[in-house]
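S.K.: The structure file structure-v2.txt (compact mmCIF, C-alpha atoms) is provided below.
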# COMPACT_ATOMS: atom_id res chain seq x y z
CA MET A 8 113.39 83.67 -78.90
CA ASP A 9 112.58 80.01 -79.41
CA SER A 10 115.88 78.35 -80.34
CA ARG A 11 113.98 75.88 -82.53
CA TRP A 12 112.98 78.59 -85.00
CA LYS A 13 114.65 78.39 -88.39
CA LYS A 14 116.38 81.28 -90.15
CA SER A 15 113.45 82.02 -92.43
CA THR A 16 111.15 82.37 -89.41
CA ILE A 17 113.62 84.55 -87.50
CA CYS A 18 113.86 86.83 -90.54
CA VAL A 19 110.13 87.46 -90.36
CA GLN A 20 109.36 87.39 -86.64
CA GLY A 21 112.65 87.75 -84.77
CA GLY A 22 113.64 90.68 -82.57
CA TYR A 23 110.26 92.28 -82.01
CA GLU A 24 107.54 90.40 -80.16
CA PRO A 25 104.46 92.63 -79.62
CA GLY A 26 102.42 92.23 -76.49
CA ASN A 27 98.65 92.35 -76.11
CA GLY A 28 97.23 95.34 -77.94
CA GLU A 29 100.63 96.54 -79.17
CA PRO A 30 101.46 97.35 -82.83
CA ARG A 31 102.00 94.25 -84.98
CA VAL A 32 104.65 96.03 -87.04
CA LEU A 33 107.93 97.13 -85.45
CA PRO A 34 107.34 100.72 -84.21
CA ILE A 35 109.68 103.60 -85.02
CA TYR A 36 110.78 105.15 -81.73
CA GLN A 37 111.76 108.49 -83.23
CA SER A 38 113.13 110.07 -80.08
CA THR A 39 116.58 111.16 -79.00
CA THR A 40 115.81 110.98 -75.28
CA TYR A 41 113.92 108.90 -72.71
CA LYS A 42 112.02 109.95 -69.58
CA TYR A 43 112.68 108.47 -66.14
CA ASP A 44 110.79 108.92 -62.91
CA SER A 45 113.85 109.49 -60.76
CA ALA A 46 117.42 110.68 -61.00
CA GLU A 47 118.50 107.45 -59.32
CA GLU A 48 117.10 105.34 -62.16
CA LEU A 49 119.01 107.36 -64.74
CA ALA A 50 122.18 107.19 -62.67
CA LYS A 51 121.99 103.39 -62.70
CA LEU A 52 121.90 103.49 -66.50
CA PHE A 53 125.03 105.62 -66.60
CA ASP A 54 126.72 103.27 -64.14
CA LEU A 55 125.76 100.34 -66.41
CA GLU A 56 123.93 98.74 -63.49
CA SER A 57 120.53 98.43 -65.18
CA PRO A 58 119.33 97.99 -68.77
CA GLY A 59 117.51 100.68 -70.70
CA HIS A 60 117.97 103.59 -73.06
CA MET A 61 119.49 106.91 -72.06
CA TYR A 62 120.24 108.57 -75.40
CA THR A 63 119.73 107.43 -78.99
CA ARG A 64 123.39 108.00 -79.87
CA ILE A 65 124.03 104.90 -77.76
CA SER A 66 120.83 102.86 -78.10
CA ASN A 67 117.22 103.09 -79.22
CA PRO A 68 114.28 100.65 -78.90
CA THR A 69 113.70 100.27 -82.65
CA VAL A 70 117.40 99.74 -83.28
CA GLU A 71 117.69 97.34 -80.35
CA MET A 72 114.97 95.05 -81.69
CA VAL A 73 116.63 94.80 -85.10
CA GLU A 74 119.95 94.13 -83.38
CA LYS A 75 118.32 91.24 -81.52
CA LYS A 76 117.04 89.79 -84.79
CA ILE A 77 120.48 89.92 -86.40
CA ALA A 78 122.15 88.45 -83.29
CA ASP A 79 119.68 85.57 -83.41
CA LEU A 80 120.31 85.02 -87.12
CA GLU A 81 124.07 84.85 -86.52
CA GLY A 82 123.90 82.93 -83.25
CA GLY A 83 125.61 85.63 -81.20
CA VAL A 84 125.11 86.92 -77.65
CA GLY A 85 124.54 90.47 -78.85
CA ALA A 86 124.79 92.87 -81.75
CA MET A 87 125.35 96.58 -82.30
CA MET A 88 124.18 98.41 -85.40
CA THR A 89 126.34 101.17 -86.86
CA SER A 90 125.80 103.97 -89.36
CA SER A 91 127.66 102.09 -92.12
CA GLY A 92 129.58 98.93 -92.88
CA GLN A 93 132.79 100.92 -92.78
CA ALA A 94 131.97 102.02 -89.23
CA ALA A 95 131.38 98.38 -88.28
CA SER A 96 134.79 97.40 -89.68
CA LEU A 97 136.53 100.25 -87.86
CA ILE A 98 134.86 99.71 -84.50
CA SER A 99 135.24 95.92 -84.61
CA VAL A 100 139.03 96.30 -84.65
CA PHE A 101 139.39 99.55 -82.71
CA ASN A 102 137.41 98.02 -79.84
CA ILE A 103 140.40 95.78 -79.01
CA ALA A 104 143.37 97.61 -80.55
CA SER A 105 145.22 100.77 -79.58
CA SER A 106 148.13 102.78 -80.96
CA GLY A 107 151.17 100.51 -81.21
CA ASP A 108 149.09 97.40 -81.78
CA ASN A 109 148.68 95.52 -85.05
CA PHE A 110 146.30 93.05 -86.66
CA VAL A 111 146.46 90.60 -89.55
CA MET A 112 144.13 90.94 -92.54
CA MET A 113 143.52 88.89 -95.65
CA GLY A 114 144.70 90.63 -98.82
CA ASN A 115 141.45 90.00 -100.68
CA LEU A 116 139.28 92.36 -98.62
CA TYR A 117 136.91 94.90 -100.16
CA GLY A 118 138.87 97.92 -101.40
CA GLY A 119 137.21 100.37 -99.00
CA THR A 120 138.07 98.15 -96.03
CA THR A 121 141.64 97.76 -97.27
CA ASN A 122 142.05 101.53 -97.52
CA LEU A 123 140.54 102.02 -94.06
CA PHE A 124 142.95 99.51 -92.54
CA LEU A 125 146.15 100.33 -94.44
CA VAL A 126 145.81 104.12 -94.59
CA THR A 127 143.41 105.57 -92.05
CA MET A 128 144.08 103.17 -89.17
CA LYS A 129 147.80 103.51 -89.82
CA ARG A 130 147.38 107.20 -88.94
CA MET A 131 145.87 106.02 -85.65
CA GLY A 132 149.03 104.03 -84.95
CA ILE A 133 147.45 100.64 -85.65
CA GLU A 134 149.24 98.51 -88.24
CA ALA A 135 147.45 96.15 -90.61
CA ARG A 136 149.57 93.23 -91.84
CA VAL A 137 148.48 91.59 -95.09
CA VAL A 138 148.50 87.85 -95.72
CA THR A 139 147.15 85.75 -98.57
CA SER A 140 145.81 82.23 -98.80
CA ASP A 141 148.71 81.06 -100.97
CA MET A 142 151.14 81.69 -98.11
CA SER A 143 152.22 78.76 -95.96
CA ASP A 144 150.93 78.55 -92.39
CA GLU A 145 154.44 79.25 -91.15
CA GLU A 146 154.67 82.41 -93.26
CA ILE A 147 151.28 83.60 -92.03
CA ARG A 148 152.24 82.98 -88.39
CA SER A 149 155.32 85.17 -88.89
CA HIS A 150 152.98 88.15 -89.24
CA PHE A 151 151.73 87.71 -85.66
CA ASP A 152 153.51 88.95 -82.55
CA GLU A 153 152.68 89.90 -78.96
CA ARG A 154 150.94 93.11 -80.14
CA THR A 155 148.69 91.39 -82.70
CA ARG A 156 145.06 91.83 -81.69
CA CYS A 157 142.90 90.04 -84.30
CA PHE A 158 142.66 88.33 -87.68
CA PHE A 159 140.26 90.03 -90.14
CA CYS A 160 138.72 88.30 -93.17
CA GLU A 161 135.61 87.98 -95.37
CA THR A 162 133.41 84.91 -95.79
CA ILE A 163 133.06 85.56 -99.53
CA ALA A 164 135.67 88.10 -100.62
CA ASN A 165 134.48 91.20 -102.47
CA PRO A 166 134.95 91.05 -105.44
CA SER A 167 137.26 88.04 -106.02
CA LEU A 168 134.66 85.71 -104.42
CA GLU A 169 137.31 83.65 -102.67
CA VAL A 170 135.61 81.61 -99.93
CA PHE A 171 137.27 81.78 -96.53
CA ASP A 172 138.82 78.52 -95.38
CA PHE A 173 137.54 78.33 -91.80
CA ASP A 174 139.15 74.99 -91.05
CA ARG A 175 142.58 76.33 -91.91
CA PHE A 176 142.58 79.92 -90.65
CA VAL A 177 140.41 79.88 -87.52
CA PRO A 178 142.60 77.36 -85.64
CA LEU A 179 145.68 79.21 -86.89
CA ALA A 180 144.47 82.56 -85.49
CA HIS A 181 143.35 80.99 -82.22
CA SER A 182 146.72 79.28 -81.83
CA MET A 183 148.24 82.78 -81.93
CA GLY A 184 145.86 83.91 -79.18
CA VAL A 185 143.70 86.27 -81.21
CA PRO A 186 140.03 86.33 -82.28
CA VAL A 187 138.76 86.01 -85.85
CA ILE A 188 136.69 88.96 -87.07
CA ILE A 189 134.85 88.12 -90.28
CA ASP A 190 132.83 90.21 -92.70
CA ASN A 191 129.82 88.06 -93.62
CA THR A 192 128.17 90.62 -95.93
CA PHE A 193 128.05 88.60 -99.15
CA ALA A 194 127.09 85.29 -97.54
CA THR A 195 124.63 86.73 -94.99
CA PRO A 196 123.57 84.53 -92.07
CA ILE A 197 121.26 82.72 -94.47
CA LEU A 198 124.15 81.10 -96.35
CA CYS A 199 126.78 80.96 -93.61
CA ASN A 200 127.05 81.30 -89.85
CA PRO A 201 130.76 81.98 -89.25
CA ILE A 202 130.31 81.55 -85.50
CA SER A 203 129.39 77.90 -86.06
CA PHE A 204 132.77 77.48 -87.79
CA GLY A 205 134.69 79.10 -84.92
CA ALA A 206 134.73 82.81 -85.84
CA ASP A 207 134.47 85.16 -82.85
CA ILE A 208 133.11 88.45 -84.19
CA VAL A 209 130.90 88.84 -87.28
CA ILE A 210 130.27 92.10 -89.09
CA HIS A 211 128.06 93.13 -92.01
CA SER A 212 127.48 96.03 -94.28
CA THR A 213 123.71 95.89 -93.85
CA THR A 214 123.53 98.21 -96.86
CA LYS A 215 123.89 95.13 -99.05
CA TYR A 216 121.76 91.96 -98.95
CA MET A 217 120.27 92.57 -95.51
CA ASP A 218 118.59 95.75 -96.75
CA GLY A 219 118.50 94.47 -100.31
CA HIS A 220 116.73 97.47 -101.83
CA ALA A 221 119.43 100.19 -101.86
CA MET A 222 117.45 102.26 -99.37
CA VAL A 223 119.61 102.70 -96.27
CA VAL A 224 123.33 102.59 -95.45
CA GLY A 225 124.23 100.69 -92.31
CA GLY A 226 126.41 98.14 -90.58
CA VAL A 227 126.32 95.73 -87.67
CA ILE A 228 128.75 93.95 -85.34
CA VAL A 229 127.77 90.59 -83.77
CA ASP A 230 129.60 89.17 -80.76
CA SER A 231 129.74 85.37 -80.48
CA GLY A 232 130.52 85.59 -76.78
CA ASN A 233 132.96 82.69 -77.20
CA PHE A 234 136.40 84.31 -77.12
CA ASP A 235 138.25 84.31 -73.79
CA TRP A 236 139.44 87.91 -73.55
CA ALA A 237 141.16 87.36 -70.20
CA LYS A 238 143.41 84.56 -71.42
CA GLY A 239 146.91 85.72 -72.34
CA GLY A 240 146.54 89.27 -71.04
CA LYS A 241 146.31 90.81 -74.52
CA TYR A 242 143.12 92.80 -74.04
CA PRO A 243 143.45 95.29 -71.16
CA GLU A 244 140.65 97.34 -72.78
CA LEU A 245 138.27 94.58 -71.66
CA THR A 246 139.99 93.13 -68.60
CA GLN A 247 141.18 96.27 -66.78
CA PRO A 248 139.13 99.16 -65.35
CA ASP A 249 137.69 101.63 -67.88
CA GLU A 250 138.24 104.99 -66.23
CA SER A 251 135.84 106.61 -68.69
CA TYR A 252 133.07 104.46 -67.19
CA HIS A 253 133.67 104.61 -63.44
CA GLY A 254 136.28 101.88 -63.54
CA VAL A 255 134.05 99.13 -64.90
CA VAL A 256 135.84 95.93 -65.94
CA TYR A 257 133.85 94.61 -68.89
CA THR A 258 134.83 90.96 -68.60
CA GLU A 259 133.89 90.92 -64.92
CA SER A 260 130.62 92.84 -65.21
CA PHE A 261 129.31 91.53 -68.54
CA GLY A 262 130.89 88.11 -69.01
CA ARG A 263 130.33 86.76 -72.52
CA SER A 264 128.91 90.12 -73.63
CA ALA A 265 132.02 92.08 -72.63
CA TYR A 266 133.17 92.88 -76.18
CA ILE A 267 129.84 94.14 -77.54
CA THR A 268 129.04 96.05 -74.33
CA LYS A 269 132.33 97.93 -74.53
CA ALA A 270 131.79 98.66 -78.23
CA ARG A 271 128.47 100.30 -77.42
CA THR A 272 129.07 102.05 -74.14
CA GLN A 273 132.54 103.34 -74.99
CA LEU A 274 133.06 103.57 -78.75
CA MET A 275 129.51 104.25 -79.94
CA ARG A 276 129.25 106.79 -77.12
CA ASP A 277 132.45 108.54 -78.21
CA LEU A 278 132.46 108.11 -82.00
CA GLY A 279 128.74 108.55 -82.56
CA SER A 280 128.47 106.22 -85.58
CA THR A 281 124.80 105.97 -84.78
CA PRO A 282 122.10 104.28 -86.88
CA GLN A 283 118.83 106.19 -86.97
CA PRO A 284 115.53 104.57 -85.89
CA ILE A 285 114.07 104.94 -89.40
CA THR A 286 117.16 103.17 -90.77
CA ALA A 287 116.57 100.22 -88.46
CA PHE A 288 112.89 100.16 -89.41
CA LEU A 289 113.67 100.03 -93.14
CA LEU A 290 116.41 97.46 -92.59
CA ASN A 291 113.95 95.25 -90.75
CA ILE A 292 111.64 95.28 -93.78
CA GLY A 293 114.54 94.01 -95.87
CA LEU A 294 115.44 91.35 -93.33
CA GLU A 295 111.92 89.92 -93.46
CA THR A 296 112.49 88.74 -97.05
CA LEU A 297 116.23 87.99 -96.76
CA ASP A 298 115.86 84.22 -96.91
CA LEU A 299 113.59 84.40 -99.97
CA ARG A 300 115.79 86.90 -101.80
CA ILE A 301 119.09 85.12 -101.16
CA ARG A 302 117.71 81.93 -102.68
CA ARG A 303 116.56 83.80 -105.81
CA HIS A 304 119.82 85.76 -106.04
CA SER A 305 121.79 82.51 -105.83
CA SER A 306 119.76 80.55 -108.38
CA ASN A 307 119.82 83.48 -110.83
CA ALA A 308 123.57 83.97 -110.36
CA LEU A 309 124.30 80.33 -111.06
CA ARG A 310 122.45 80.56 -114.37
CA VAL A 311 124.30 83.76 -115.28
CA ALA A 312 127.65 82.18 -114.39
CA GLU A 313 126.86 79.14 -116.53
CA TYR A 314 125.96 81.37 -119.47
CA LEU A 315 129.09 83.52 -119.12
CA ARG A 316 131.26 80.39 -119.00
CA SER A 317 129.76 79.37 -122.35
CA ARG A 318 130.91 82.68 -123.91
CA SER A 319 134.62 81.95 -124.05
CA ASP A 320 134.77 83.98 -127.27
CA LEU A 321 134.54 87.20 -125.23
CA VAL A 322 134.85 86.12 -121.60
CA GLU A 323 138.29 85.10 -120.42
CA SER A 324 137.29 83.70 -117.02
CA VAL A 325 134.29 83.41 -114.71
CA SER A 326 134.30 83.23 -110.92
CA TYR A 327 131.28 82.04 -108.96
CA PRO A 328 131.67 79.69 -105.97
CA GLY A 329 128.37 77.96 -106.71
CA LEU A 330 129.57 76.94 -110.18
CA PRO A 331 130.85 73.34 -110.43
CA GLY A 332 134.50 73.40 -111.42
CA ASP A 333 135.10 76.83 -109.89
CA SER A 334 138.24 77.02 -107.73
CA GLU A 335 136.07 77.95 -104.73
CA HIS A 336 133.28 75.43 -105.32
CA GLU A 337 134.56 72.82 -102.86
CA LYS A 338 134.69 75.37 -100.04
CA ALA A 339 131.27 76.72 -101.03
CA GLU A 340 129.86 73.22 -100.71
CA LYS A 341 131.51 72.89 -97.31
CA TYR A 342 130.75 76.25 -95.72
CA LEU A 343 127.78 77.76 -97.57
CA ARG A 344 124.22 76.56 -97.14
CA GLU A 345 123.23 74.08 -99.83
CA GLY A 346 126.18 75.32 -101.91
CA MET A 347 124.39 78.61 -102.63
CA ALA A 348 126.81 81.48 -103.10
CA SER A 349 124.68 84.66 -103.19
CA GLY A 350 124.20 86.83 -106.25
CA VAL A 351 127.61 88.21 -107.20
CA VAL A 352 129.38 86.83 -110.27
CA SER A 353 132.84 88.08 -111.22
CA PHE A 354 134.25 87.67 -114.70
CA CYS A 355 137.06 89.01 -116.84
CA MET A 356 136.46 90.33 -120.35
CA LYS A 357 138.94 89.61 -123.12
CA GLY A 358 140.33 92.93 -124.28
CA GLY A 359 140.88 94.40 -120.83
CA ARG A 360 139.33 97.52 -119.34
CA GLU A 361 138.21 98.94 -122.69
CA LYS A 362 136.07 95.87 -123.48
CA ALA A 363 134.76 95.74 -119.90
CA MET A 364 133.63 99.36 -120.20
CA LYS A 365 132.00 98.73 -123.59
CA PHE A 366 130.13 95.75 -122.19
CA MET A 367 128.87 97.73 -119.21
CA ASN A 368 127.81 100.66 -121.38
CA SER A 369 125.84 98.29 -123.62
CA LEU A 370 123.66 96.86 -120.85
CA SER A 371 120.08 98.07 -120.56
CA LEU A 372 118.52 96.08 -117.68
CA ALA A 373 121.58 96.05 -115.45
CA SER A 374 122.54 99.44 -113.99
CA ILE A 375 126.04 100.85 -113.57
CA VAL A 376 126.04 101.88 -109.91
CA VAL A 377 128.44 102.01 -106.97
CA HIS A 378 126.56 99.28 -105.18
CA VAL A 379 126.16 95.54 -104.98
CA ALA A 380 123.70 93.02 -103.54
CA ASP A 381 120.59 94.90 -104.65
CA ALA A 382 117.27 93.37 -105.70
CA ARG A 383 117.99 95.00 -109.06
CA THR A 384 120.85 93.75 -111.22
CA CYS A 385 123.85 96.08 -111.20
CA VAL A 386 127.37 96.07 -112.57
CA LEU A 387 130.75 97.69 -111.88
CA ASN A 388 134.39 97.65 -113.00
CA PRO A 389 136.16 97.61 -109.60
CA ALA A 390 139.59 98.55 -110.98
CA SER A 391 138.31 101.96 -112.06
CA THR A 392 135.82 102.56 -109.23
CA THR A 393 135.57 100.90 -105.80
CA HIS A 394 139.19 99.66 -105.85
CA ARG A 395 140.66 102.61 -107.78
CA GLN A 396 142.80 103.65 -104.80
CA LEU A 397 144.70 100.35 -104.81
CA SER A 398 148.05 99.80 -106.54
CA ASP A 399 148.35 97.27 -109.38
CA GLU A 400 150.02 94.86 -106.95
CA MET A 401 147.20 95.24 -104.44
CA LEU A 402 144.62 94.81 -107.21
CA ARG A 403 146.22 91.54 -108.24
CA ALA A 404 146.29 90.40 -104.60
CA ALA A 405 142.55 91.11 -104.45
CA GLY A 406 142.02 89.06 -107.63
CA ILE A 407 141.20 92.05 -109.83
CA GLU A 408 142.40 92.41 -113.43
CA PRO A 409 141.76 95.48 -115.65
CA GLY A 410 138.97 93.69 -117.56
CA PHE A 411 137.38 92.45 -114.35
CA VAL A 412 133.61 92.95 -114.05
CA ARG A 413 131.61 92.57 -110.83
CA PHE A 414 128.11 91.57 -111.86
CA SER A 415 125.54 91.65 -109.05
CA VAL A 416 122.66 89.48 -110.18
CA GLY A 417 119.26 90.70 -109.00
CA ILE A 418 115.97 88.93 -108.47
CA GLU A 419 114.47 89.74 -111.86
CA ASP A 420 113.64 86.88 -114.22
CA ALA A 421 116.87 85.07 -115.02
CA ASP A 422 115.98 84.84 -118.72
CA ASP A 423 115.75 88.63 -118.94
CA ILE A 424 119.08 89.12 -117.17
CA ILE A 425 120.82 86.68 -119.51
CA ARG A 426 119.23 88.27 -122.59
CA ASP A 427 120.56 91.66 -121.45
CA ILE A 428 124.06 90.18 -121.09
CA GLU A 429 123.81 88.46 -124.46
CA GLU A 430 122.81 91.67 -126.25
CA ALA A 431 125.59 93.63 -124.55
CA LEU A 432 128.20 91.01 -125.50
CA ALA A 433 126.99 91.12 -129.10
CA LYS A 434 127.99 94.79 -129.21
CA CYS A 435 131.50 93.86 -128.06
CA LEU A 436 132.24 91.56 -131.01
Is it possible to express this structure as structure tokens?
M.R.:
Amino acid sequence: MDSRWKKSTICVQGGYEPGNGEPRVLPIYQSTTYKYDSAEELAKLFDLESPGHMYTRISNPTVEMVEKKIADLEGGVGAMMTSSGQAASLISVFNIASSGDNFVMMGNLYGGTTNLFLVTMKRMGIEARVVTSDMSDEEIRSHFDERTRCFFCETIANPSLEVFDFDRFVPLAHSMGVPVIIDNTFATPILCNPISFGADIVIHSTTKYMDGHAMVVGGVIVDSGNFDWAKGGKYPELTQPDESYHGVVYTESFGRSAYITKARTQLMRDLGSTPQPITAFLLNIGLETLDLRIRRHSSNALRVAEYLRSRSDLVESVSYPGLPGDSEHEKAEKYLREGMASGVVSFCMKGGREKAMKFMNSLSLASIVVHVADARTCVLNPASTTHRQLSDEMLRAAGIEPGFVRFSVGIEDADDIIRDIEEALAKCL
């Protein structure tokens, strides 16, 4: 792809480039298998000596072209789609960590990711160590040791909306010899390219803004190709022979693409967290309008945040990084494109959970759904839903109070969204 193309152009035309007489629209290759003219050709695929598709559990032409588009949007050397964002989070860490290893995670991660890391991966023998931004650098470094394999964070935390401080944490993690894996779901590559700020691996729940229409669940992992896996001897999974693949050494055979190649040929092969061709096709439709939608989401959300701030009679606090005066605004201006901060506004109702519930039940345009980052406005009380499994202490660490409301501003007319909020607040007086 032409490196001069801008993000908005890549969204529309990246990944798939039809040849003469070929379909203009990305085709759906709805096939589990692929025909080869000789056994030798297929053997080379299994030996990882030649490119191509052997089985859709591992790769598929439709999926591959969408992966290329996302890799181009993020500035990575390669990408691998997964069946969900959770699968992307799991594989991104599991690709370089084994039983007995540990990794460091920010305490403000999405509740589902936190549960995956602190509960499920613990059962796999991999320990997640929690740090917060109010800790000193020295205290954070004390959580690293010789078995620490990565530092996991979010660009814009869900749902506290804390913006990741790249300039502070990326050098810190690298000084400890580990890569930074960052969830860029809320920002999307339109608002932030973590790789340009030093992050090594980028993941997304493509279910959110990338799809944007609540149609398909999915995830993706993007490899920057910049981390030196051989330095320090911490990553034998990549630097020593993989006996499950004829003794291949990923760093020797695939260079900068070692990480993403191993994720696909070993973990996707074995775990089967496979995206379907139709999923990739539908995701690509969403990606084509991503740049347009993110701008509308952001401008609408800023207006909603401004209105909510004016309602101090019922609203205790409002969080939106794009809002001047917000605690995260300076970092948003520094790391997010044009200071835009996507479409999620978090606020706390006076009166706690009861008032938050009454407000939500009084909305008519906004829907109460277990989702976020949709073209349609939606709302949720994380403490009683997506983060219900967390303790009160963990909720506070994630920036969630009982009256906390996560309001995902859609792309409807901003006046209509604000009128809906105003009418719902009137019923809470």
S.K.: Pick the closest to Met356 of chain A from A:Gly332, A:Pro166, A:Gly114, A:Pro409: which is it, counting only C-alpha atoms?
M.R.: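 Of A:Gly332, A:Pro166, A:Gly114, A:Pro409, the one nearest Met356 of chain A, counting only C-alpha atoms, is A:Pro409.
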S.K.: Pick from A:Ile147, A:Ala348, A:Leu116, A:Val224: nearest to Ile189 of chain A, with only C-alpha atoms counted?
M.R.: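 Selected residue with least distance to Ile189 of chain A: A:Leu116.
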S.K.: Atom CA of Gly329 of chain A to atom CA of Glu295 of chain A: how many Å, to one decimal?
M.R.: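 Here the two named atoms are 24.3 Å from each other.
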S.K.: Please determine, counting all atoms listed in the file, which residue among A:Lys341, A:Lys238, A:Lys365, A:Arg11 has the shortest atom-to-atom distance to Phe204 of chain A.
M.R.: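 Of all the options, A:Lys341 lies closest to Phe204 of chain A.
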S.K.: Please work out which residues fall within 9 Å of (118.5, 99.0, -84.0), coordinates as given in the file, with only C-alpha atoms counting, and return them as number ranges by chain.
M.R.: A: 66-75, 87-89, 282-284, 286-288, 290-291
S.K.: What does the distance between atom CA of Phe151 of chain A and atom CA of Phe124 of chain A come to in Å, to one decimal place?
M.R.: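 Between atom CA of Phe151 of chain A and atom CA of Phe124 of chain A the gap is 16.2 Å.
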S.K.: Just to confirm, what's the straight-line distance from atom CA of Ala308 of chain A to atom CA of Phe173 of chain A in Å (one decimal)?
M.R.: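 The value is 23.9 Å.
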S.K.: Hey, could you patch up segment 171-184 of chain A with N, CA and C atoms and hand it over as a PDB file, in the coordinates of the input?
M.R.:
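And here is the file that came out, out-v5.pdb:
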ATOM      1  N   PHE A 171     136.346  81.898 -97.656  1.00  0.00           N
ATOM      2  CA  PHE A 171     137.270  81.780 -96.530  1.00  0.00           C
ATOM      3  C   PHE A 171     137.360  80.334 -96.058  1.00  0.00           C
ATOM      4  N   ASP A 172     138.575  79.884 -95.830  1.00  0.00           N
ATOM      5  CA  ASP A 172     138.820  78.520 -95.380  1.00  0.00           C
ATOM      6  C   ASP A 172     138.838  78.503 -93.845  1.00  0.00           C
ATOM      7  N   PHE A 173     137.669  78.306 -93.255  1.00  0.00           N
ATOM      8  CA  PHE A 173     137.540  78.330 -91.800  1.00  0.00           C
ATOM      9  C   PHE A 173     138.413  77.276 -91.135  1.00  0.00           C
ATOM     10  N   ASP A 174     138.427  76.082 -91.683  1.00  0.00           N
ATOM     11  CA  ASP A 174     139.150  74.990 -91.050  1.00  0.00           C
ATOM     12  C   ASP A 174     140.651  75.228 -90.994  1.00  0.00           C
ATOM     13  N   ARG A 175     141.144  76.031 -91.916  1.00  0.00           N
ATOM     14  CA  ARG A 175     142.580  76.330 -91.910  1.00  0.00           C
ATOM     15  C   ARG A 175     142.889  77.550 -91.029  1.00  0.00           C
ATOM     16  N   PHE A 176     142.176  78.649 -91.244  1.00  0.00           N
ATOM     17  CA  PHE A 176     142.580  79.920 -90.650  1.00  0.00           C
ATOM     18  C   PHE A 176     142.072  80.169 -89.236  1.00  0.00           C
ATOM     19  N   VAL A 177     140.913  79.649 -88.874  1.00  0.00           N
ATOM     20  CA  VAL A 177     140.410  79.880 -87.520  1.00  0.00           C
ATOM     21  C   VAL A 177     141.318  79.231 -86.474  1.00  0.00           C
ATOM     22  N   PRO A 178     141.674  77.948 -86.617  1.00  0.00           N
ATOM     23  CA  PRO A 178     142.600  77.360 -85.640  1.00  0.00           C
ATOM     24  C   PRO A 178     143.965  78.068 -85.632  1.00  0.00           C
ATOM     25  N   LEU A 179     144.399  78.518 -86.811  1.00  0.00           N
ATOM     26  CA  LEU A 179     145.680  79.210 -86.890  1.00  0.00           C
ATOM     27  C   LEU A 179     145.644  80.492 -86.052  1.00  0.00           C
ATOM     28  N   ALA A 180     144.592  81.301 -86.241  1.00  0.00           N
ATOM     29  CA  ALA A 180     144.470  82.560 -85.490  1.00  0.00           C
ATOM     30  C   ALA A 180     144.349  82.286 -83.993  1.00  0.00           C
ATOM     31  N   HIS A 181     143.539  81.302 -83.636  1.00  0.00           N
ATOM     32  CA  HIS A 181     143.350  80.990 -82.220  1.00  0.00           C
ATOM     33  C   HIS A 181     144.642  80.470 -81.588  1.00  0.00           C
ATOM     34  N   SER A 182     145.442  79.766 -82.366  1.00  0.00           N
ATOM     35  CA  SER A 182     146.720  79.280 -81.830  1.00  0.00           C
ATOM     36  C   SER A 182     147.665  80.428 -81.523  1.00  0.00           C
ATOM     37  N   MET A 183     147.426  81.584 -82.179  1.00  0.00           N
ATOM     38  CA  MET A 183     148.240  82.780 -81.930  1.00  0.00           C
ATOM     39  C   MET A 183     147.592  83.675 -80.874  1.00  0.00           C
ATOM     40  N   GLY A 184     146.486  83.199 -80.294  1.00  0.00           N
ATOM     41  CA  GLY A 184     145.860  83.910 -79.180  1.00  0.00           C
ATOM     42  C   GLY A 184     144.992  85.083 -79.545  1.00  0.00           C
TER      43      GLY A 184
END
